[in-house]
file my_file.cif (mmCIF, C-alpha atoms)
data_coords
#
loop_
_atom_site.group_PDB
_atom_site.id
_atom_site.type_symbol
_atom_site.label_atom_id
_atom_site.label_comp_id
_atom_site.auth_asym_id
_atom_site.auth_seq_id
_atom_site.Cartn_x
_atom_site.Cartn_y
_atom_site.Cartn_z
ATOM 1 C CA MET A 160 276.799 102.190 172.434
ATOM 2 C CA PHE A 161 277.654 105.714 171.499
ATOM 3 C CA SER A 162 274.522 107.712 170.776
ATOM 4 C CA ASP A 163 275.561 110.082 168.029
ATOM 5 C CA LYS A 164 277.530 109.820 164.797
ATOM 6 C CA SER A 165 278.348 113.539 164.792
ATOM 7 C CA VAL A 166 281.194 114.169 167.156
ATOM 8 C CA TRP A 167 283.183 117.095 168.472
ATOM 9 C CA ILE A 168 286.806 116.148 168.913
ATOM 10 C CA VAL A 169 288.325 117.809 171.944
ATOM 11 C CA ILE A 170 291.678 117.561 173.655
ATOM 12 C CA CYS A 171 291.627 117.118 177.408
ATOM 13 C CA GLU A 172 293.318 119.927 179.286
ATOM 14 C CA LEU A 173 294.961 117.764 181.935
ATOM 15 C CA PRO A 174 298.767 117.877 181.980
ATOM 16 C CA CYS A 175 299.341 114.202 181.142
ATOM 17 C CA PRO A 176 302.417 112.906 179.307
ATOM 18 C CA TYR A 177 300.298 112.538 176.178
ATOM 19 C CA PRO A 178 297.419 114.895 175.402
ATOM 20 C CA CYS A 179 294.298 112.785 175.032
ATOM 21 C CA ARG A 180 291.876 113.367 172.199
ATOM 22 C CA LEU A 181 288.314 112.330 172.821
ATOM 23 C CA GLY A 182 285.052 112.560 170.957
ATOM 24 C CA VAL A 183 281.880 113.937 172.493
ATOM 25 C CA PRO A 184 278.451 113.698 170.843
ATOM 26 C CA ALA A 185 277.476 116.894 169.072
ATOM 27 C CA GLY A 186 273.854 116.324 170.012
ATOM 28 C CA HIS A 187 274.745 116.620 173.697
ATOM 29 C CA VAL A 188 276.781 119.807 173.384
ATOM 30 C CA ARG A 189 275.044 123.000 174.458
ATOM 31 C CA ARG A 190 277.879 125.399 173.820
ATOM 32 C CA VAL A 191 281.584 125.616 173.083
ATOM 33 C CA THR A 192 283.302 128.809 174.123
ATOM 34 C CA SER A 193 286.814 130.153 174.220
ATOM 35 C CA GLY A 194 288.672 132.449 176.513
ATOM 36 C CA ARG A 195 288.574 133.233 180.159
ATOM 37 C CA HIS A 196 285.271 132.992 181.992
ATOM 38 C CA ARG A 197 285.192 134.862 185.260
ATOM 39 C CA ASP A 198 281.849 133.308 186.118
ATOM 40 C CA ALA A 199 282.775 129.863 184.858
ATOM 41 C CA GLN A 200 281.532 126.928 186.859
ATOM 42 C CA PRO A 201 284.288 124.516 185.926
ATOM 43 C CA ARG A 202 283.479 120.849 186.058
ATOM 44 C CA ALA A 203 286.288 118.349 186.050
ATOM 45 C CA TRP A 204 286.472 115.377 183.739
ATOM 46 C CA PRO A 205 285.801 112.195 185.702
ATOM 47 C CA TRP A 206 289.428 111.114 185.307
ATOM 48 C CA GLY A 207 290.760 114.429 186.550
ATOM 49 C CA PRO A 208 291.220 116.034 189.925
ATOM 50 C CA SER A 209 288.099 117.801 191.171
ATOM 51 C CA THR A 210 289.857 121.154 191.490
ATOM 52 C CA PHE A 211 292.154 122.743 188.956
ATOM 53 C CA ASP A 212 293.453 126.085 187.782
ATOM 54 C CA ILE A 213 291.084 127.627 185.233
ATOM 55 C CA ALA A 214 293.150 130.737 184.541
ATOM 56 C CA HIS A 215 294.722 129.435 181.351
ATOM 57 C CA THR A 216 292.034 127.125 180.039
ATOM 58 C CA PRO A 217 291.582 128.123 176.403
ATOM 59 C CA TRP A 218 288.297 126.366 175.621
ATOM 60 C CA TRP A 219 285.210 125.184 177.440
ATOM 61 C CA VAL A 220 282.519 122.678 176.531
ATOM 62 C CA GLU A 221 279.068 122.745 178.083
ATOM 63 C CA PHE A 222 276.656 119.836 177.794
ATOM 64 C CA LYS A 223 272.882 119.919 177.862
ATOM 65 C CA GLN A 224 272.509 117.240 180.532
ATOM 66 C CA VAL A 225 275.222 118.325 182.950
ATOM 67 C CA GLU A 226 275.823 121.549 184.839
ATOM 68 C CA GLY A 227 279.201 123.210 184.456
ATOM 69 C CA MET A 228 281.862 123.787 181.861
ATOM 70 C CA TYR A 229 284.440 121.170 180.965
ATOM 71 C CA PRO A 230 287.916 122.538 180.248
ATOM 72 C CA VAL A 231 289.703 121.578 177.039
ATOM 73 C CA LEU A 232 292.947 122.518 175.348
ATOM 74 C CA ALA A 233 291.574 122.474 171.807
ATOM 75 C CA VAL A 234 288.414 121.667 169.904
ATOM 76 C CA HIS A 235 287.655 120.525 166.392
ATOM 77 C CA PRO A 236 284.151 121.197 165.038
ATOM 78 C CA PRO A 237 281.704 118.322 164.673
ATOM 79 C CA ARG A 238 282.396 115.695 162.089
ATOM 80 C CA GLU A 239 280.501 112.635 161.048
ATOM 81 C CA PHE A 240 281.806 109.145 161.558
ATOM 82 C CA ALA A 241 280.401 106.379 159.402
ATOM 83 C CA ARG A 242 278.932 103.356 161.124
ATOM 84 C CA GLU A 243 281.926 101.238 160.193
ATOM 85 C CA GLN A 244 284.235 103.758 161.879
ATOM 86 C CA VAL A 245 282.533 103.416 165.278
ATOM 87 C CA PHE A 246 283.405 100.492 167.552
ATOM 88 C CA THR A 247 282.161 99.149 170.854
ATOM 89 C CA VAL A 248 284.463 99.040 173.866
ATOM 90 C CA PRO A 249 286.593 95.860 173.825
ATOM 91 C CA PRO A 250 286.098 93.594 176.866
ATOM 92 C CA LEU A 251 289.465 94.440 178.390
ATOM 93 C CA LEU A 252 288.521 98.109 178.628
ATOM 94 C CA LEU A 253 284.978 97.730 179.948
ATOM 95 C CA GLY A 254 285.987 98.569 183.529
ATOM 96 C CA TRP A 255 287.807 101.688 182.404
ATOM 97 C CA ALA A 256 284.922 102.720 180.153
ATOM 98 C CA GLN A 257 282.211 102.185 182.735
ATOM 99 C CA ARG A 258 284.089 104.010 185.458
ATOM 100 C CA LEU A 259 284.826 107.047 183.329
ATOM 101 C CA GLY A 260 281.891 107.247 180.932
ATOM 102 C CA PHE A 261 283.340 106.070 177.637
ATOM 103 C CA LYS A 262 280.880 104.451 175.242
ATOM 104 C CA GLY A 263 283.013 103.334 172.334
ATOM 105 C CA PHE A 264 285.743 104.301 169.928
ATOM 106 C CA ALA A 265 285.918 106.019 166.583
ATOM 107 C CA LEU A 266 288.583 105.258 164.054
ATOM 108 C CA ASP A 267 289.986 108.280 162.277
ATOM 109 C CA GLY A 268 292.338 106.736 159.759
ATOM 110 C CA GLN A 269 294.707 104.776 161.997
ATOM 111 C CA ASN A 270 293.963 106.920 165.030
ATOM 112 C CA VAL A 271 291.715 105.679 167.797
ATOM 113 C CA ILE A 272 289.441 108.245 169.429
ATOM 114 C CA PRO A 273 287.683 107.325 172.672
ATOM 115 C CA LEU A 274 284.041 108.432 172.622
ATOM 116 C CA TRP A 275 282.716 109.941 175.822
ATOM 117 C CA GLU A 276 279.202 110.852 176.865
ATOM 118 C CA PRO A 277 278.382 113.266 179.673
ATOM 119 C CA ASN A 278 276.729 111.747 182.698
ATOM 120 C CA PRO A 279 275.755 113.767 185.775
ATOM 121 C CA ASN A 280 276.589 110.793 187.986
ATOM 122 C CA LEU A 281 280.234 110.711 186.967
ATOM 123 C CA GLU A 282 282.290 112.589 189.511
ATOM 124 C CA PRO A 283 286.028 113.176 189.445
ATOM 125 C CA HIS A 284 288.298 111.699 192.019
ATOM 126 C CA PRO A 285 289.395 114.444 194.475
ATOM 127 C CA HIS A 286 293.040 114.034 193.468
ATOM 128 C CA GLY A 287 292.557 112.661 189.995
ATOM 129 C CA ILE A 288 292.007 109.066 188.959
ATOM 130 C CA LEU A 289 295.547 108.856 187.598
ATOM 131 C CA ALA A 290 297.065 109.709 190.941
ATOM 132 C CA LYS A 291 294.770 107.270 192.717
ATOM 133 C CA GLU A 292 295.469 104.383 190.370
ATOM 134 C CA ALA A 293 299.200 105.011 190.294
ATOM 135 C CA LYS A 294 299.260 104.821 194.062
ATOM 136 C CA GLU A 295 297.311 101.563 194.094
ATOM 137 C CA GLN A 296 299.670 99.966 191.588
ATOM 138 C CA MET B 268 317.207 76.262 187.285
ATOM 139 C CA PRO B 269 318.390 73.971 190.096
ATOM 140 C CA GLU B 270 318.951 75.747 193.373
ATOM 141 C CA GLY B 271 322.554 76.737 193.969
ATOM 142 C CA GLN B 272 323.506 76.628 190.302
ATOM 143 C CA ASP B 273 324.117 79.970 188.692
ATOM 144 C CA LEU B 274 322.397 80.884 185.479
ATOM 145 C CA GLU B 275 325.559 80.832 183.396
ATOM 146 C CA ASN B 276 326.363 77.226 184.302
ATOM 147 C CA TRP B 277 322.771 76.252 183.831
ATOM 148 C CA LEU B 278 322.700 77.875 180.381
ATOM 149 C CA ALA B 279 325.938 76.135 179.435
ATOM 150 C CA ALA B 280 324.572 72.769 180.548
ATOM 151 C CA GLN B 281 321.422 73.309 178.566
ATOM 152 C CA HIS B 282 323.432 74.348 175.552
ATOM 153 C CA ARG B 283 325.487 71.148 175.726
ATOM 154 C CA ASN B 284 322.303 69.119 176.019
ATOM 155 C CA SER B 285 320.730 70.810 173.037
ATOM 156 C CA GLU B 286 323.723 69.998 170.836
ATOM 157 C CA LYS B 287 323.279 66.301 171.571
ATOM 158 C CA GLU B 288 319.591 66.283 170.752
ATOM 159 C CA ASN B 289 317.662 66.926 167.645
ATOM 160 C CA VAL B 290 314.957 69.122 169.099
ATOM 161 C CA THR B 291 311.698 68.506 167.260
ATOM 162 C CA GLN B 292 309.038 68.450 169.951
ATOM 163 C CA GLY B 293 308.069 70.799 172.689
ATOM 164 C CA THR B 294 305.924 73.705 173.710
ATOM 165 C CA PRO B 295 305.909 76.606 171.256
ATOM 166 C CA PHE B 296 306.557 80.097 172.541
ATOM 167 C CA LEU B 297 306.963 83.441 170.883
ATOM 168 C CA ALA B 298 310.156 84.959 172.263
ATOM 169 C CA VAL B 299 310.160 88.717 172.680
ATOM 170 C CA LEU B 300 312.337 91.274 174.378
ATOM 171 C CA ARG B 301 311.014 93.929 176.700
ATOM 172 C CA ASN B 302 314.055 96.126 176.920
ATOM 173 C CA GLU B 303 316.648 93.483 177.881
ATOM 174 C CA HIS B 304 314.155 91.164 179.546
ATOM 175 C CA GLY B 305 313.493 88.028 177.520
ATOM 176 C CA LEU B 306 309.842 87.014 177.691
ATOM 177 C CA ALA B 307 308.137 83.953 176.250
ATOM 178 C CA VAL B 308 304.502 84.132 175.220
ATOM 179 C CA PRO B 309 302.657 80.811 174.790
ATOM 180 C CA LEU B 310 302.165 80.682 171.053
ATOM 181 C CA GLU B 311 298.623 79.338 171.272
ATOM 182 C CA GLN B 312 297.627 82.653 172.847
ATOM 183 C CA VAL B 313 299.348 84.847 170.282
ATOM 184 C CA ARG B 314 296.950 86.290 167.724
ATOM 185 C CA LEU B 315 299.106 88.776 165.891
ATOM 186 C CA ILE B 316 302.533 90.363 165.878
ATOM 187 C CA ALA B 317 302.657 93.819 164.355
ATOM 188 C CA ARG B 318 304.472 97.092 164.344
ATOM 189 C CA LEU B 319 302.661 99.875 166.146
ATOM 190 C CA GLU B 320 301.291 102.180 163.450
ATOM 191 C CA SER B 321 299.271 104.447 165.700
ATOM 192 C CA PHE B 322 299.051 105.144 169.368
ATOM 193 C CA SER B 323 296.231 106.919 171.170
ATOM 194 C CA PRO B 324 296.417 107.522 174.899
ATOM 195 C CA LEU B 325 293.308 106.723 176.933
ATOM 196 C CA PRO B 326 292.090 109.443 179.303
ATOM 197 C CA GLY B 327 292.413 108.385 182.892
ATOM 198 C CA ALA B 328 293.967 105.028 182.142
ATOM 199 C CA PRO B 329 296.779 103.881 184.447
ATOM 200 C CA PRO B 330 300.346 103.179 183.267
ATOM 201 C CA LEU B 331 299.470 99.521 182.759
ATOM 202 C CA LEU B 332 297.070 100.599 179.985
ATOM 203 C CA PRO B 333 298.881 103.404 178.204
ATOM 204 C CA GLY B 334 296.620 103.544 175.182
ATOM 205 C CA ALA B 335 294.928 101.856 172.290
ATOM 206 C CA THR B 336 295.659 101.223 168.659
ATOM 207 C CA SER B 337 293.918 99.983 165.559
ATOM 208 C CA LEU B 338 295.055 96.646 164.165
ATOM 209 C CA GLN B 339 293.397 94.835 161.293
ATOM 210 C CA GLY B 340 290.259 96.897 161.642
ATOM 211 C CA ARG B 341 289.696 96.485 165.339
ATOM 212 C CA ILE B 342 290.482 98.443 168.479
ATOM 213 C CA VAL B 343 293.206 96.866 170.588
ATOM 214 C CA ALA B 344 294.060 98.009 174.097
ATOM 215 C CA LEU B 345 297.785 98.192 174.737
ATOM 216 C CA ILE B 346 299.430 96.833 177.876
ATOM 217 C CA ASP B 347 302.758 97.990 179.248
ATOM 218 C CA LEU B 348 303.998 95.146 181.433
ATOM 219 C CA GLY B 349 306.231 97.503 183.411
ATOM 220 C CA PRO B 350 303.926 97.894 186.439
ATOM 221 C CA LEU B 351 303.309 94.126 186.633
ATOM 222 C CA LEU B 352 306.971 93.158 186.265
ATOM 223 C CA GLU B 353 308.138 96.044 188.446
ATOM 224 C CA GLU B 354 310.207 97.414 185.595
ATOM 225 C CA ASP B 355 310.460 100.796 183.904
ATOM 226 C CA LEU B 356 307.633 101.862 181.659
ATOM 227 C CA LEU B 357 308.158 101.765 177.913
ATOM 228 C CA GLN B 358 307.634 104.907 175.906
ATOM 229 C CA PRO B 359 305.085 103.863 173.287
ATOM 230 C CA HIS B 360 306.161 104.964 169.847
ATOM 231 C CA ILE B 361 305.316 104.244 166.250
ATOM 232 C CA GLY B 362 307.323 101.292 164.960
ATOM 233 C CA MET B 363 307.685 99.393 168.209
ATOM 234 C CA TYR B 364 306.297 95.882 168.326
ATOM 235 C CA VAL B 365 302.915 94.792 169.586
ATOM 236 C CA THR B 366 302.129 91.188 170.386
ATOM 237 C CA VAL B 367 298.390 90.704 170.457
ATOM 238 C CA VAL B 368 297.424 87.974 172.891
ATOM 239 C CA SER B 369 294.065 86.604 173.926
ATOM 240 C CA ASP B 370 292.416 84.541 176.605
ATOM 241 C CA GLY B 371 288.834 83.667 175.789
ATOM 242 C CA ASP B 372 287.153 86.763 174.391
ATOM 243 C CA VAL B 373 289.604 89.165 176.012
ATOM 244 C CA GLU B 374 292.551 90.355 173.986
ATOM 245 C CA ALA B 375 295.189 93.037 174.259
ATOM 246 C CA GLY B 376 298.425 94.115 172.669
ATOM 247 C CA LEU B 377 301.559 93.681 174.754
ATOM 248 C CA LEU B 378 304.085 96.407 174.018
ATOM 249 C CA VAL B 379 307.516 94.898 173.463
ATOM 250 C CA THR B 380 310.840 96.158 172.236
ATOM 251 C CA ARG B 381 311.494 93.346 169.793
ATOM 252 C CA ALA B 382 309.824 90.193 168.573
ATOM 253 C CA LEU B 383 312.549 87.561 168.210
ATOM 254 C CA ASP B 384 311.523 84.132 167.091
ATOM 255 C CA MET B 385 309.452 81.094 167.806
ATOM 256 C CA HIS B 386 310.963 78.673 170.301
ATOM 257 C CA LEU B 387 309.899 75.054 170.418
ATOM 258 C CA VAL B 388 310.977 74.220 173.937
ATOM 259 C CA PRO B 389 311.169 70.612 175.207
ATOM 260 C CA GLU B 390 309.335 70.121 178.480
ATOM 261 C CA GLU B 391 312.491 69.207 180.366
ATOM 262 C CA TYR B 392 313.994 72.587 179.561
ATOM 263 C CA ILE B 393 311.126 74.450 181.174
ATOM 264 C CA GLN B 394 311.330 75.293 184.798
ATOM 265 C CA LYS B 395 307.790 75.737 185.975
ATOM 266 C CA GLU B 396 307.648 77.944 188.968
ATOM 267 C CA ASP B 397 305.357 80.788 189.972
ATOM 268 C CA ILE B 398 307.956 83.517 190.113
ATOM 269 C CA THR B 399 305.193 86.115 190.163
ATOM 270 C CA PRO B 400 301.505 85.849 189.201
ATOM 271 C CA TYR B 401 302.601 87.020 185.754
ATOM 272 C CA ILE B 402 305.705 84.893 185.243
ATOM 273 C CA VAL B 403 305.138 81.186 185.709
ATOM 274 C CA GLY B 404 308.281 79.606 184.416
ATOM 275 C CA ARG B 405 311.600 80.039 182.705
ATOM 276 C CA TYR B 406 313.813 78.399 180.140
ATOM 277 C CA ALA B 407 317.094 79.046 178.452
ATOM 278 C CA TRP B 408 317.248 79.106 174.692
ATOM 279 C CA PRO B 409 320.727 77.990 173.771
ATOM 280 C CA LEU B 410 320.123 78.154 170.027
ATOM 281 C CA SER B 411 319.940 81.933 170.009
ATOM 282 C CA GLU B 412 322.811 84.374 170.092
ATOM 283 C CA PRO B 413 323.478 85.766 172.576
ATOM 284 C CA GLN B 414 322.139 83.123 174.914
ATOM 285 C CA LYS B 415 319.126 84.311 176.727
ATOM 286 C CA ALA B 416 316.907 83.196 179.518
ATOM 287 C CA PHE B 417 313.232 83.682 178.821
ATOM 288 C CA ASP B 418 310.532 84.168 181.407
ATOM 289 C CA ILE B 419 307.228 82.559 180.497
ATOM 290 C CA ILE B 420 304.362 84.954 180.998
ATOM 291 C CA HIS B 421 300.880 84.035 182.217
ATOM 292 C CA VAL B 422 298.643 85.694 179.661
ATOM 293 C CA ALA B 423 295.360 85.149 181.519
ATOM 294 C CA ASN B 424 296.659 86.717 184.733
ATOM 295 C CA ILE B 425 298.059 89.689 182.829
ATOM 296 C CA LEU B 426 294.788 90.304 181.015
ATOM 297 C CA GLU B 427 292.873 89.875 184.255
ATOM 298 C CA ALA B 428 295.052 92.450 185.996
ATOM 299 C CA ALA B 429 294.539 94.915 183.157
ATOM 300 C CA ARG B 430 290.834 94.242 183.019
ATOM 301 C CA HIS B 431 290.320 95.041 186.664
ATOM 302 C CA VAL B 432 292.401 98.156 187.115
ATOM 303 C CA PHE B 433 289.250 100.041 188.064
ATOM 304 C CA ARG B 434 287.697 97.336 190.207
#
call {"tool": "encode", "arguments": {"input": "my_file.cif", "output": "structure tokens"}}
result
Amino acid sequence: MFSDKSVWIVICELPCPYPCRLGVPAGHVRRVTSGRHRDAQPRAWPWGPSTFDIAHTPWWVEFKQVEGMYPVLAVHPPREFAREQVFTVPPLLLGWAQRLGFKGFALDGQNVIPLWEPNPNLEPHPHGILAKEAKEQ
Amino acid sequence: MPEGQDLENWLAAQHRNSEKENVTQGTPFLAVLRNEHGLAVPLEQVRLIARLESFSPLPGAPPLLPGATSLQGRIVALIDLGPLLEEDLLQPHIGMYVTVVSDGDVEAGLLVTRALDMHLVPEEYIQKEDITPYIVGRYAWPLSEPQKAFDIIHVANILEAARHVFR
């Protein structure tokens, strides 16, 4: 289950057909910064490729438990979700959630927001999980 | 469809048969269209038919699982049958139809272009044949215009495939 009701909403920086919003627990966030970081130690999302171009990344999120800065396109400051707005992962998506670190969903009006928690054991696929899965299908 | 008989003749024969009979018994299916492909979903596994009111992509999910939505207060994963049927992907958009199906405690919303009607199909009209793991039979529905052939989908196999994309 997701560990925190207060959630930063961030938008993944990967160039997918649809930009993905996801929620990360505010209690796990060490710092959110903007702009270019020459000394940035970028850390890829577990669904992304392990290397990527950081030159144009507008925002970065650092977590307390994990080394490195996660790149994001946009951030929205923490907001509270009521208990009835937070859902467990449905059975069909358990494999996806366990592989990539998602702990549940929040409902923002009609919009579904996947809730993600940092985990030092989650590593990205070298070429990105999307590329890997597409090839397997 | 008997081997060697083309679909048009087979449809015509079925149509003639249906006019002679008062069809009151059979297996119920929900008929849907995925683009031009007629699909039949066993009605006992249909939980809900709805218009898509929201669509949220899932990070890292493959094309088979393009996103999730909220329906009647619960989170429903969406399935695009394109990769399983070896057809083009649909572009999920607000207003398209979702057919929520279940098998045991696993449920998902199948993205479809249109939801048509319920078909009560007599057993003798159904050709049971494992065309693929996801299509296990076929029938013609002569009472609809234009006449259409409908492929019967195997809900459990579809949900199983979606469930194990990261196995």
call {"tool": "resolve_selection", "arguments": {"input": "my_file.cif", "expression": "the PyMOL selection byres ((chain A and resi 236) around 8)", "output": "PyMOL selection string"}}
result
chain A and resi 166-168+234-235+237-238
call {"tool": "residues_around", "arguments": {"input": "my_file.cif", "residues": "range 421-431 of chain B", "least_positions_apart": "4", "cutoff": "6 Å", "atoms": "all atoms listed in the file", "output": "MDAnalysis selection string"}}
result
(chainID A and resid 251) or (chainID B and resid 370 401:402)
call {"tool": "atom_distance", "arguments": {"input": "my_file.cif", "atom1": "CA of Lys223 in chain A", "atom2": "CA of Arg189 in chain A"}}
result
5.1 Å
call {"tool": "interface_residues", "arguments": {"input": "my_file.cif", "of": "chain A", "to": "chain B", "cutoff": "8 Å", "atoms": "all atoms listed in the file", "output": "list in words"}}
result
Cys171, Tyr177, Pro178, Cys179, Arg180, Trp206, Gly207, Phe246, Pro249, Pro250, Leu251, Leu252, Leu253, Gly254, Trp255, Arg258, Leu259, Phe264, Leu266, Gln269, Asn270, Val271, Ile272, Pro273, Ile288, Leu289, Glu292, Ala293 and Gln296 of chain A
call {"tool": "closest_residue", "arguments": {"input": "my_file.cif", "among": "A:Val245, A:Val220, A:Val191, A:Leu232", "to": "Glu172 in chain A", "atoms": "only C-alpha atoms"}}
result
A:Leu232
call {"tool": "closest_residue", "arguments": {"input": "my_file.cif", "among": "B:Ala407, B:Val388, B:Leu310, B:Ile316", "to": "Met363 in chain B", "atoms": "all atoms listed in the file"}}
result
B:Ile316
call {"tool": "resolve_selection", "arguments": {"input": "my_file.cif", "expression": "the PyMOL selection byres ((chain B and resi 420) around 12)", "output": "PyMOL selection string"}}
result
chain B and resi 296-299+301+304-310+312-313+348+351-352+368+377+395-406+417-419+421-426
call {"tool": "residues_near_point", "arguments": {"input": "my_file.cif", "point": "(288.7, 119.7, 183.4)", "cutoff": "9 Å", "atoms": "only C-alpha atoms", "output": "PDB file with C-alpha atoms, keeping the file's coordinate frame"}}
result
ATOM      1  CA  CYS A 171     291.627 117.118 177.408  1.00  0.00           C
ATOM      2  CA  GLU A 172     293.318 119.927 179.286  1.00  0.00           C
ATOM      3  CA  LEU A 173     294.961 117.764 181.935  1.00  0.00           C
ATOM      4  CA  PRO A 201     284.288 124.516 185.926  1.00  0.00           C
ATOM      5  CA  ARG A 202     283.479 120.849 186.058  1.00  0.00           C
ATOM      6  CA  ALA A 203     286.288 118.349 186.050  1.00  0.00           C
ATOM      7  CA  TRP A 204     286.472 115.377 183.739  1.00  0.00           C
ATOM      8  CA  PRO A 205     285.801 112.195 185.702  1.00  0.00           C
ATOM      9  CA  TRP A 206     289.428 111.114 185.307  1.00  0.00           C
ATOM     10  CA  GLY A 207     290.760 114.429 186.550  1.00  0.00           C
ATOM     11  CA  PRO A 208     291.220 116.034 189.925  1.00  0.00           C
ATOM     12  CA  SER A 209     288.099 117.801 191.171  1.00  0.00           C
ATOM     13  CA  THR A 210     289.857 121.154 191.490  1.00  0.00           C
ATOM     14  CA  PHE A 211     292.154 122.743 188.956  1.00  0.00           C
ATOM     15  CA  ILE A 213     291.084 127.627 185.233  1.00  0.00           C
ATOM     16  CA  THR A 216     292.034 127.125 180.039  1.00  0.00           C
ATOM     17  CA  TRP A 219     285.210 125.184 177.440  1.00  0.00           C
ATOM     18  CA  MET A 228     281.862 123.787 181.861  1.00  0.00           C
ATOM     19  CA  TYR A 229     284.440 121.170 180.965  1.00  0.00           C
ATOM     20  CA  PRO A 230     287.916 122.538 180.248  1.00  0.00           C
ATOM     21  CA  VAL A 231     289.703 121.578 177.039  1.00  0.00           C
TER      22      VAL A 231
END
call {"tool": "atom_distance", "arguments": {"input": "my_file.cif", "atom1": "CA of Glu221 in chain A", "atom2": "CA of Pro279 in chain A"}}
result
12.3 Å
call {"tool": "atom_distance", "arguments": {"input": "my_file.cif", "atom1": "CA of Ser165 in chain A", "atom2": "CA of Pro184 in chain A"}}
result
6.1 Å
call {"tool": "closest_residue", "arguments": {"input": "my_file.cif", "among": "B:Thr294, B:Val379, B:Leu300, B:Asp347", "to": "Lys415 in chain B", "atoms": "all atoms listed in the file"}}
result
B:Leu300
call {"tool": "closest_residue", "arguments": {"input": "my_file.cif", "among": "A:Val225, A:Ala214, A:Leu181, A:Ala241", "to": "Trp275 in chain A", "atoms": "all atoms listed in the file"}}
result
A:Leu181
call {"tool": "axis_aligned_box", "arguments": {"input": "my_file.cif", "around": "range 420-429 of chain B", "padding_each_side": "5 Å", "output": "AutoDock Vina command-line options"}}
result
--center_x 298.6 --center_y 89.5 --center_z 182.8 --size_x 21.5 --size_y 20.9 --size_z 16.3
call {"tool": "closest_residue", "arguments": {"input": "my_file.cif", "among": "B:Ala416, B:Leu356, B:Ile361, B:Ile346", "to": "Gly376 in chain B", "atoms": "all atoms listed in the file"}}
result
B:Ile346
call {"tool": "resolve_selection", "arguments": {"input": "my_file.cif", "expression": "the PyMOL selection byres ((chain B and resi 293) around 10)", "output": "PyMOL selection string"}}
result
chain B and resi 290-292+294-296+386-393
call {"tool": "build_atoms", "arguments": {"input": "my_file.cif", "residues": "range 207-220 of chain A", "atoms": "N, CA and C atoms", "output": "PDB file, in the coordinates of the input"}}
result
ATOM      1  N   GLY A 207     289.873 113.366 186.085  1.00  0.00           N
ATOM      2  CA  GLY A 207     290.760 114.429 186.550  1.00  0.00           C
ATOM      3  C   GLY A 207     290.600 114.708 188.030  1.00  0.00           C
ATOM      4  N   PRO A 208     291.438 115.559 188.561  1.00  0.00           N
ATOM      5  CA  PRO A 208     291.220 116.034 189.925  1.00  0.00           C
ATOM      6  C   PRO A 208     290.004 116.952 189.953  1.00  0.00           C
ATOM      7  N   SER A 209     289.344 117.035 191.100  1.00  0.00           N
ATOM      8  CA  SER A 209     288.099 117.801 191.171  1.00  0.00           C
ATOM      9  C   SER A 209     288.347 119.303 191.192  1.00  0.00           C
ATOM     10  N   THR A 210     289.548 119.724 191.547  1.00  0.00           N
ATOM     11  CA  THR A 210     289.857 121.154 191.490  1.00  0.00           C
ATOM     12  C   THR A 210     291.063 121.350 190.585  1.00  0.00           C
ATOM     13  N   PHE A 211     291.052 122.470 189.870  1.00  0.00           N
ATOM     14  CA  PHE A 211     292.154 122.743 188.956  1.00  0.00           C
ATOM     15  C   PHE A 211     292.168 124.227 188.654  1.00  0.00           C
ATOM     16  N   ASP A 212     293.267 124.674 188.103  1.00  0.00           N
ATOM     17  CA  ASP A 212     293.453 126.085 187.782  1.00  0.00           C
ATOM     18  C   ASP A 212     292.774 126.398 186.454  1.00  0.00           C
ATOM     19  N   ILE A 213     291.818 127.333 186.468  1.00  0.00           N
ATOM     20  CA  ILE A 213     291.084 127.627 185.233  1.00  0.00           C
ATOM     21  C   ILE A 213     291.644 128.856 184.517  1.00  0.00           C
ATOM     22  N   ALA A 214     292.686 129.454 185.083  1.00  0.00           N
ATOM     23  CA  ALA A 214     293.150 130.737 184.541  1.00  0.00           C
ATOM     24  C   ALA A 214     293.575 130.639 183.080  1.00  0.00           C
ATOM     25  N   HIS A 215     294.157 129.518 182.698  1.00  0.00           N
ATOM     26  CA  HIS A 215     294.722 129.435 181.351  1.00  0.00           C
ATOM     27  C   HIS A 215     293.969 128.464 180.441  1.00  0.00           C
ATOM     28  N   THR A 216     292.798 128.050 180.876  1.00  0.00           N
ATOM     29  CA  THR A 216     292.034 127.125 180.039  1.00  0.00           C
ATOM     30  C   THR A 216     291.543 127.834 178.781  1.00  0.00           C
ATOM     31  N   PRO A 217     291.938 127.366 177.610  1.00  0.00           N
ATOM     32  CA  PRO A 217     291.582 128.123 176.403  1.00  0.00           C
ATOM     33  C   PRO A 217     290.173 127.874 175.883  1.00  0.00           C
ATOM     34  N   TRP A 218     289.612 126.697 176.151  1.00  0.00           N
ATOM     35  CA  TRP A 218     288.297 126.366 175.621  1.00  0.00           C
ATOM     36  C   TRP A 218     287.459 125.670 176.681  1.00  0.00           C
ATOM     37  N   TRP A 219     286.148 125.823 176.500  1.00  0.00           N
ATOM     38  CA  TRP A 219     285.210 125.184 177.440  1.00  0.00           C
ATOM     39  C   TRP A 219     284.099 124.514 176.659  1.00  0.00           C
ATOM     40  N   VAL A 220     283.659 123.371 177.141  1.00  0.00           N
ATOM     41  CA  VAL A 220     282.519 122.678 176.531  1.00  0.00           C
ATOM     42  C   VAL A 220     281.434 122.526 177.585  1.00  0.00           C
TER      43      VAL A 220
END
